[in-house]
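First comes the structure, then the notes that go with it.
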Amino acid sequence: MSDVTPTAAAPSGPPGAEPTTPPTTPPATGLELRTGAVPRRQVASWALWDWATQPFNSVIVTFVFTALYLTGSSFLPAEVAALDAGDPRREQALAGLTSGLGAWITVAGVLVALLAPVLGQRADVAGRRKAWLGGSTVALVVCMLALFAVRADPAYFVLGAVLIALGSVASEIAGVNYNAMLVQVATPGTVGRVSGLGWGLGYVGGIVALVLVVVADLADWWGMPTDDGLPYRVIAVGCALWAAAFAWPLFRYVPEAPAADRPRVGLLRGYVRLWRDVVELFRTSRPTFWFLLASAVFRDGLAGVFTFGAVIASVSFGFGSTEVMVFGIAANLVAGVSTIAVGRLDDRLGARAVIIASLTGLVVAGLAVVGLHDLGKGVFWAGGLLLCCFVGPAQAASRSFLARVTPAGRESEIFGLYATTGRAASFLAPGLWTLLIALTGATIWGTLGVVAVILAGLLLMLAVRDPRAAGAARG
């Protein structure tokens, strides 16, 4: 009995949903249609793309370029930058940079939400996932190269923020097609470990890139001039070259997906088809529909862990800039190792079990960081790294779960919806974070906002049926 066949007669979905009966013959998934083993070179080449592009997220977006450069004093007017660190005018100006970057990233999120599922649909129908992945990967590399032009001057702030936002759009669109290709390099018995390998290599790639940055910083950039933001601009170029150097094996060794047996339509007509497809998804592949909703919530909480982790470390626990980068290295290492290791449990126990266990661990670790805050930095090192142990497995298992329940020939479209639903809920963790800090006046309490979103996602996930377990029960 296949481990991906949804239950035919039992109603599914969160408590209180209308009990309806899906068709007795649900559409086959891409994994069900795969026969034979996948060559290891294809698996490794696919997973290496995660390694190649991760420095954009870890080095540019999270820990270095935006956190230490683009939203720092280099982009303040000279008279404001000269003020003491605690001066309210200086702090307000820095907050303006942070909110400005956030506004551009929000625009990027809206673009992803509008474009991802329709562009994914077009890639499925044309059988051009790899072509779309290649184009968006090139766009990401170009955005990183262009960051070299962002000089340490307030006049260049908007350019930097726009390039970061465009890079985020390219990264997300690329991720849609990359995730969809999971069914091309995995079988029902290996999808968990293959997904975990990709996520794990991504984290390890982030580690190596961050280590190189820390070494360069400790070596005073080997005599490189540090004015005009040159080290940070060189870092961006290095990340671009890294992506180009390691992404190419996927395009050389992983075959293109066949075209789906569906007629092509124009871009605007694609939105009409998308709506009909969502309705059909609810009717014929109920686990996919409910999982998209549940994962939208808990993935926003997972994103909040990394988005605000460095802020909590520096503001609430007094970490310096070097300590933040060192913690980032340790965090990526722990996340990478745990993700690769737990991938095998995904194949044995099912993705749903891994997701639920990971989300439970995140809630417990997050509460511990807040409750034991007064004990000092050691609490964040222990609790923060424990959080990272669970983030990666939850992310990788989410990808493998969706691959197990997505109808064949619609992978890019469904992973586009995966990106869209995630964007639709992306206000939850930042909103609760901001609200709790505003109410309490202390950054550490914002952590509870992230924990609350993860907990809500956990409760929703408990109502999502596991097709693998259902198939085993009928078999």
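Here's how to read the names in the structure tokens: chain A, B, ... by the order shown, residue numbers from 1 in each chain, ligand numbers from 1 in the order shown.
Using only C-alpha atoms, the protein and nucleic acid residues lying no more than 7 Å from Ala396 in chain A, apart from those fewer than 5 places from it along its own chain, are Ser195, Gly196 and Trp199 of chain A.
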Selection: 7 Å around range 422-435 of chain A, only C-alpha atoms, excl. self and same-chain fewer than 6 positions, as a VMD selection string: chain A and resid 109 113 296 to 297 299 to 301 304 446 to 447 449 to 450 453
Using only C-alpha atoms: which of A:Ala257, A:Ala313, A:Leu455, A:Val64 has the shortest distance to Val185 in chain A: A:Ala257
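For the residues A:Pro55, A:Gly72, A:Gly100, A:Gly328, ranking by smallest atom-to-atom distance to Ala161 in chain A using only C-alpha atoms places A:Gly100 first.
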Shell of 9 Å around Asn179 in chain A, only C-alpha atoms, local chain residues under 2 positions omitted, as a ChimeraX atom specification: /A:174-177,181-183,195,399,403,411-412,415
Those same residues - C-alpha atoms - I'd like them written as a PDB file, in the first residue's frame.
ATOM      1  CA  ALA A 174      13.426  30.056  -7.117  1.00  0.00           C
ATOM      2  CA  GLY A 175      12.475  28.170  -3.956  1.00  0.00           C
ATOM      3  CA  VAL A 176       9.037  27.356  -5.364  1.00  0.00           C
ATOM      4  CA  ASN A 177      10.495  25.480  -8.318  1.00  0.00           C
ATOM      5  CA  MET A 181      11.756  19.332  -7.946  1.00  0.00           C
ATOM      6  CA  LEU A 182      11.951  17.308  -4.712  1.00  0.00           C
ATOM      7  CA  VAL A 183       9.598  14.724  -6.250  1.00  0.00           C
ATOM      8  CA  SER A 195      14.458  17.015   1.963  1.00  0.00           C
ATOM      9  CA  ARG A 399       8.496  20.240   2.513  1.00  0.00           C
ATOM     10  CA  ALA A 403       5.554  16.540  -1.586  1.00  0.00           C
ATOM     11  CA  GLU A 411       4.082  20.532  -7.673  1.00  0.00           C
ATOM     12  CA  SER A 412       5.295  24.007  -8.657  1.00  0.00           C
ATOM     13  CA  PHE A 415       4.575  24.966  -3.677  1.00  0.00           C
TER      14      PHE A 415
END
Between CA of Phe63 in chain A and CA of Phe327 in chain A - distance in Å to one decimal: 9.8 Å
Wanna dump the range 212-298 of chain A-range 129-144 of chain A contacts at 6 Å for me, each residue with its shortest atom pair and the distance in Å to one decimal, counting only C-alpha atoms, ordered by chain and number, as JSON lines?
{"residue": "A:Ala236", "atom": "CA", "partner": "A:Met144", "partner_atom": "CA", "distance": 5.5}
{"residue": "A:Ala240", "atom": "CA", "partner": "A:Val141", "partner_atom": "CA", "distance": 4.9}
{"residue": "A:Glu256", "atom": "CA", "partner": "A:Lys130", "partner_atom": "CA", "distance": 5.8}
With C-alpha atoms kept, could you save the residues just selected as an mmCIF file, in the first residue's frame?
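Writing done, so here's selection-v4.cif:
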data_model
loop_
_atom_site.group_PDB
_atom_site.id
_atom_site.type_symbol
_atom_site.label_atom_id
_atom_site.label_comp_id
_atom_site.auth_asym_id
_atom_site.auth_seq_id
_atom_site.Cartn_x
_atom_site.Cartn_y
_atom_site.Cartn_z
ATOM 1 C CA ALA A 236 27.843 40.623 -0.979
ATOM 2 C CA ALA A 240 27.024 36.023 -5.318
ATOM 3 C CA GLU A 256 13.745 18.691 -16.343
#
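Within the 12 Å cut-off around Val326 in chain A, using only C-alpha atoms and omitting residues fewer than 3 positions from it on the same chain, the listed residues are Phe63, Val64, Gly206, Ile207, Val208, Ala209, Leu210, Val211, Leu212, Val213, Val214, Val215, Asp217, Leu218, Ala310, Ala313, Phe319, Gly320, Ser321, Thr322, Glu323, Ile329, Ala330, Ala331, Asn332, Leu333, Trp381 and Leu385 of chain A.
Among the candidates A:Phe282, A:Phe148, A:Trp46, A:Trp104, the residue lying nearest to Gln184 in chain A is A:Trp46 (atoms considered: only C-alpha atoms).
Using only C-alpha atoms, the contacts of range 358-369 of chain A at a cut-off of 9 Å, with sequence neighbours closer than 4 positions omitted, comprise A:Phe298, A:Leu302, A:Ala353, A:Val354, A:His373, A:Val379, A:Phe380, A:Ala382, A:Gly383, A:Gly384, A:Leu386, A:Leu387, A:Cys388, A:Cys389, A:Phe390, A:Val391, A:Gly392, A:Pro393, A:Ala394, A:Ile444, A:Thr447, A:Leu448, A:Val450, A:Val451, A:Ala452, A:Ile454, A:Leu455, A:Gly457, A:Leu458.
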DSSP-assigned alpha helix (DSSP H) members of range 106-246 of chain A, reported as an NGL selection string: :A and (106-126 or 129-146 or 157-180 or 191-218 or 230-246)
Pick from A:Leu197, A:Leu436, A:Val234, A:Leu274 nearest to Gln395 in chain A, counting only C-alpha atoms: A:Leu197
